[in-house]
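Novice: One file is attached below, entry-v4.tsv, containing TSV, C-alpha atoms.
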chain	number	residue	atom	x	y	z
B	289	MET	CA	80.87	23.48	91.29
B	290	ASN	CA	81.62	27.07	92.25
B	291	GLU	CA	78.65	27.96	94.44
B	292	GLU	CA	78.83	31.54	95.66
B	293	ILE	CA	76.99	32.71	98.76
B	294	LYS	CA	76.29	36.38	99.34
B	295	LEU	CA	75.01	37.53	102.71
B	296	TYR	CA	73.31	40.92	102.84
B	297	ARG	CA	72.47	43.42	105.57
B	298	ASN	CA	69.40	42.64	107.67
B	299	ALA	CA	67.57	45.97	108.08
B	300	LYS	CA	65.88	44.92	111.33
B	301	LYS	CA	69.18	43.89	112.97
B	302	THR	CA	70.87	47.08	111.76
B	303	ARG	CA	68.04	49.25	113.09
B	304	SER	CA	68.29	47.49	116.44
B	305	LEU	CA	72.06	48.06	116.57
B	306	LEU	CA	71.58	51.73	115.70
B	307	LEU	CA	69.01	52.21	118.46
B	308	TYR	CA	71.35	50.49	120.92
B	309	ALA	CA	74.28	52.72	119.86
B	310	ILE	CA	72.16	55.88	120.08
B	311	SER	CA	70.91	54.87	123.56
B	312	ILE	CA	74.46	54.36	124.79
B	313	SER	CA	75.48	57.68	123.25
B	314	ILE	CA	72.66	59.47	125.11
B	315	LEU	CA	73.76	57.89	128.41
B	316	LEU	CA	77.36	58.91	127.71
B	317	ALA	CA	76.24	62.46	126.90
B	318	ILE	CA	74.40	62.63	130.24
B	319	ALA	CA	77.53	61.31	132.01
B	320	LEU	CA	79.62	63.95	130.21
B	321	LEU	CA	77.22	66.73	131.23
B	322	TYR	CA	77.30	65.48	134.82
B	323	GLY	CA	81.11	65.28	134.68
B	324	ILE	CA	81.50	68.89	133.54
B	325	GLY	CA	79.24	70.01	136.39
B	326	ILE	CA	76.01	70.97	134.63
B	327	PHE	CA	73.86	69.32	137.31
B	328	ASP	CA	75.80	69.99	140.53
B	329	GLY	CA	78.40	72.62	139.65
B	330	ILE	CA	81.33	70.28	140.46
B	331	PHE	CA	83.79	69.49	137.65
B	332	LYS	CA	84.85	65.81	137.60
B	333	ILE	CA	87.84	65.57	135.25
B	334	LYS	CA	88.20	61.77	135.00
B	335	LEU	CA	84.50	61.24	134.31
B	336	SER	CA	84.49	64.10	131.80
B	337	ILE	CA	87.49	62.78	129.87
B	338	ALA	CA	86.37	59.13	129.89
B	339	SER	CA	82.74	59.78	128.94
B	340	GLY	CA	83.75	62.39	126.34
B	341	ALA	CA	86.25	60.07	124.66
B	342	ILE	CA	83.88	57.10	124.59
B	343	LEU	CA	81.04	59.34	123.38
B	344	LEU	CA	83.20	60.60	120.52
B	345	ILE	CA	84.06	57.03	119.48
B	346	MET	CA	80.39	55.98	119.68
B	347	LEU	CA	79.30	58.96	117.58
B	348	VAL	CA	81.88	58.20	114.90
B	349	LEU	CA	80.87	54.52	114.77
B	350	THR	CA	77.16	55.41	114.70
B	351	PHE	CA	77.73	57.92	111.89
B	352	LYS	CA	79.69	55.32	109.89
B	353	MET	CA	76.87	52.82	110.39
B	354	LEU	CA	74.29	55.39	109.24
B	355	VAL	CA	76.33	56.09	106.10
B	356	ASN	CA	76.54	52.37	105.30
B	357	VAL	CA	72.82	51.62	105.87
B	358	LYS	CA	71.90	52.40	102.25
B	359	ASP	CA	74.68	50.15	100.88
B	360	LYS	CA	73.00	47.17	99.19
B	361	SER	CA	76.19	45.21	98.44
B	362	PRO	CA	76.81	41.90	100.28
B	363	LEU	CA	78.49	42.10	103.69
B	364	ILE	CA	79.98	38.60	103.33
B	365	GLN	CA	80.80	36.65	100.16
B	366	ILE	CA	81.84	33.01	100.27
B	367	ASP	CA	82.81	30.72	97.39
B	368	SER	CA	84.93	27.60	96.84
B	369	ASN	CA	88.18	29.61	96.45
B	370	GLY	CA	87.85	32.06	99.32
B	371	PHE	CA	85.75	34.65	101.09
B	372	SER	CA	85.56	38.31	102.03
B	373	GLY	CA	83.58	40.26	104.57
B	374	ARG	CA	82.80	43.75	105.78
B	375	THR	CA	81.22	42.98	109.15
B	376	THR	CA	84.18	44.13	111.28
B	377	PRO	CA	86.87	46.76	110.60
B	378	VAL	CA	89.56	44.05	110.47
B	379	SER	CA	87.68	41.77	108.08
B	380	LYS	CA	86.88	44.74	105.83
B	381	ALA	CA	90.52	45.84	105.75
B	382	PHE	CA	91.94	42.39	104.96
B	383	GLY	CA	89.57	41.88	102.04
B	384	ARG	CA	89.51	38.54	100.24
B	385	ILE	CA	91.04	35.53	102.00
B	386	GLU	CA	91.89	32.29	100.18
B	387	TRP	CA	90.74	28.98	101.71
B	388	ALA	CA	94.23	27.54	101.13
B	389	ASP	CA	95.57	29.93	103.81
B	390	VAL	CA	92.95	29.05	106.46
B	391	THR	CA	94.17	26.78	109.25
B	392	GLY	CA	91.31	27.09	111.71
B	393	LEU	CA	87.72	28.17	112.28
B	394	GLN	CA	86.01	28.72	115.61
B	395	LEU	CA	83.17	30.57	117.30
B	396	GLN	CA	84.19	33.09	119.95
B	397	LYS	CA	82.03	35.17	122.28
B	398	VAL	CA	83.23	38.80	122.36
B	399	GLY	CA	81.16	41.18	124.46
B	400	GLY	CA	77.55	40.71	123.44
B	401	ASP	CA	78.37	39.23	120.04
B	402	THR	CA	79.44	35.79	118.87
B	403	LEU	CA	82.04	35.99	116.12
B	404	VAL	CA	83.41	33.50	113.60
B	405	VAL	CA	87.20	33.56	114.00
B	406	VAL	CA	89.20	32.53	110.94
B	407	THR	CA	92.86	31.65	111.59
B	408	ILE	CA	95.29	32.25	108.73
B	409	ASP	CA	98.78	30.78	108.52
B	410	ASN	CA	100.28	32.48	105.44
B	411	THR	CA	100.77	35.90	107.08
B	412	ALA	CA	103.34	37.15	104.55
B	413	LYS	CA	100.72	37.02	101.79
B	414	TYR	CA	98.45	39.41	103.74
B	415	ASP	CA	101.15	41.70	105.15
B	416	GLY	CA	100.77	45.28	103.95
B	417	ARG	CA	97.02	45.07	103.34
B	418	VAL	CA	96.09	46.81	106.58
B	419	SER	CA	97.37	49.50	108.93
B	420	LYS	CA	99.75	48.56	111.75
B	421	PHE	CA	96.93	49.09	114.26
B	422	LEU	CA	94.58	46.61	112.54
B	423	TRP	CA	97.47	44.18	111.97
B	424	LYS	CA	98.19	44.17	115.71
B	425	MET	CA	94.51	43.49	116.40
B	426	ALA	CA	94.55	40.42	114.13
B	427	TYR	CA	98.10	39.08	114.64
B	428	ASP	CA	98.68	36.49	117.39
B	429	GLU	CA	102.37	36.69	118.37
B	430	GLN	CA	102.30	33.35	120.21
B	431	THR	CA	101.21	31.37	117.15
B	432	SER	CA	102.44	33.78	114.42
B	433	LYS	CA	99.02	33.55	112.78
B	434	LEU	CA	96.28	36.00	111.91
B	435	ASN	CA	92.86	35.77	113.57
B	436	ILE	CA	90.25	37.59	111.53
B	437	MET	CA	86.76	37.90	113.00
B	438	TYR	CA	83.43	38.01	111.17
B	439	SER	CA	80.19	39.09	112.84
B	440	ALA	CA	76.64	37.98	112.09
B	441	SER	CA	75.15	40.96	113.95
B	442	GLU	CA	74.03	42.77	110.77
B	443	ILE	CA	73.32	39.89	108.37
B	444	ASP	CA	70.30	37.64	107.82
B	445	ILE	CA	71.69	34.59	109.64
B	446	ASP	CA	73.02	33.92	113.14
B	447	ALA	CA	76.64	33.21	114.13
B	448	ASN	CA	76.21	29.42	114.28
B	449	ARG	CA	74.83	29.29	110.74
B	450	LEU	CA	77.61	31.60	109.51
B	451	TYR	CA	80.17	29.31	111.16
B	452	ASP	CA	78.56	26.28	109.44
B	453	LEU	CA	78.82	28.05	106.06
B	454	PHE	CA	82.51	28.79	106.63
B	455	VAL	CA	83.21	25.19	107.71
B	456	SER	CA	81.32	23.62	104.78
B	457	HIS	CA	83.08	25.84	102.22
B	458	SER	CA	86.54	25.44	103.75
B	459	LYS	CA	86.35	21.68	103.19
B	460	LYS	CA	85.60	21.98	99.45
Rewrite the structure from the file as structure tokens, please.
Specialist:
Amino acid sequence: MNEEIKLYRNAKKTRSLLLYAISISILLAIALLYGIGIFDGIFKIKLSIASGAILLIMLVLTFKMLVNVKDKSPLIQIDSNGFSGRTTPVSKAFGRIEWADVTGLQLQKVGGDTLVVVTIDNTAKYDGRVSKFLWKMAYDEQTSKLNIMYSASEIDIDANRLYDLFVSHSKK
């Protein structure tokens, strides 16, 4: 039995995330304007640099999310041989992962999101798939394993149900 599960974007969750990102961007823009002295005529360099840098990152991420809103392809695909996901930059970059390489699954709270963390032992097989920056984000030097995170923040199910799907398919 090769049951394949495809999880698609939830428009309501995506809209909510976009509104949240736009709200934060507006607050950062106000902080930037305050930092450059628009309101009081006093230039605050640290505030200007910090708010400007974070605002730039937020705008890039928001723009990327807007571009991907019309994409109707599944964000996570799971079958008896492996899985792939596009819910985080790291999971998107690594692509398809085989169940044979998975040594652990867990739920982890990161910021305001709960993520499914998949631990992979066969790191040599996945070396070269991603940039050095993304590799460093996923690679745990203490255990010499990769930890790839998958988010349920844009799909139709919550993190606990996503975790249950990963666990049930990893045992097949």
Novice: I'd like the contact shell of stretch 361-368 of chain B - 7 Å cut-off, all atoms listed in the file, skipping same-chain residues fewer than 3 positions apart - returned as a VMD selection string.
Specialist: chain B and resid 290 to 297 371 to 375 457 460
Novice: Find the residue from B:Val357, B:Ser458, B:Phe351, B:Ser419 that sits nearest to B:Asp389; use all atoms listed in the file when measuring.
Specialist: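 Closest residue, counting all atoms listed in the file: B:Ser458.
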Novice: Enter the distance from atom CA of B:Ser439 to atom CA of B:Leu349, in Å, rounded to one decimal.
Specialist: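 About the pair atom CA of B:Ser439 and atom CA of B:Leu349: they are 15.6 Å apart.
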Novice: Within 6 Å of stretch 339-346 of chain B, which residues of stretch 294-330 of chain B show up? Give each one with its shortest atom-to-atom distance in Å (one decimal) and the two atoms involved, counting all atoms listed in the file, rows by chain then rising residue number, as a Markdown table.
Specialist:
| residue | atom | partner | partner_atom | distance |
| --- | --- | --- | --- | --- |
| B:Ser313 | CA | B:Leu343 | CA | 5.8 |
| B:Leu316 | CA | B:Ser339 | CA | 5.6 |
| B:Leu320 | CA | B:Ser339 | CA | 5.4 |
Novice: Give the answer as one residue: which of B:Thr431, B:Asn410, B:Gln394, B:Thr350 has the shortest atom-to-atom distance to B:Tyr451, using only C-alpha atoms?
Specialist: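 Comparing B:Thr431, B:Asn410, B:Gln394, B:Thr350 against B:Tyr451, the winner is B:Gln394.
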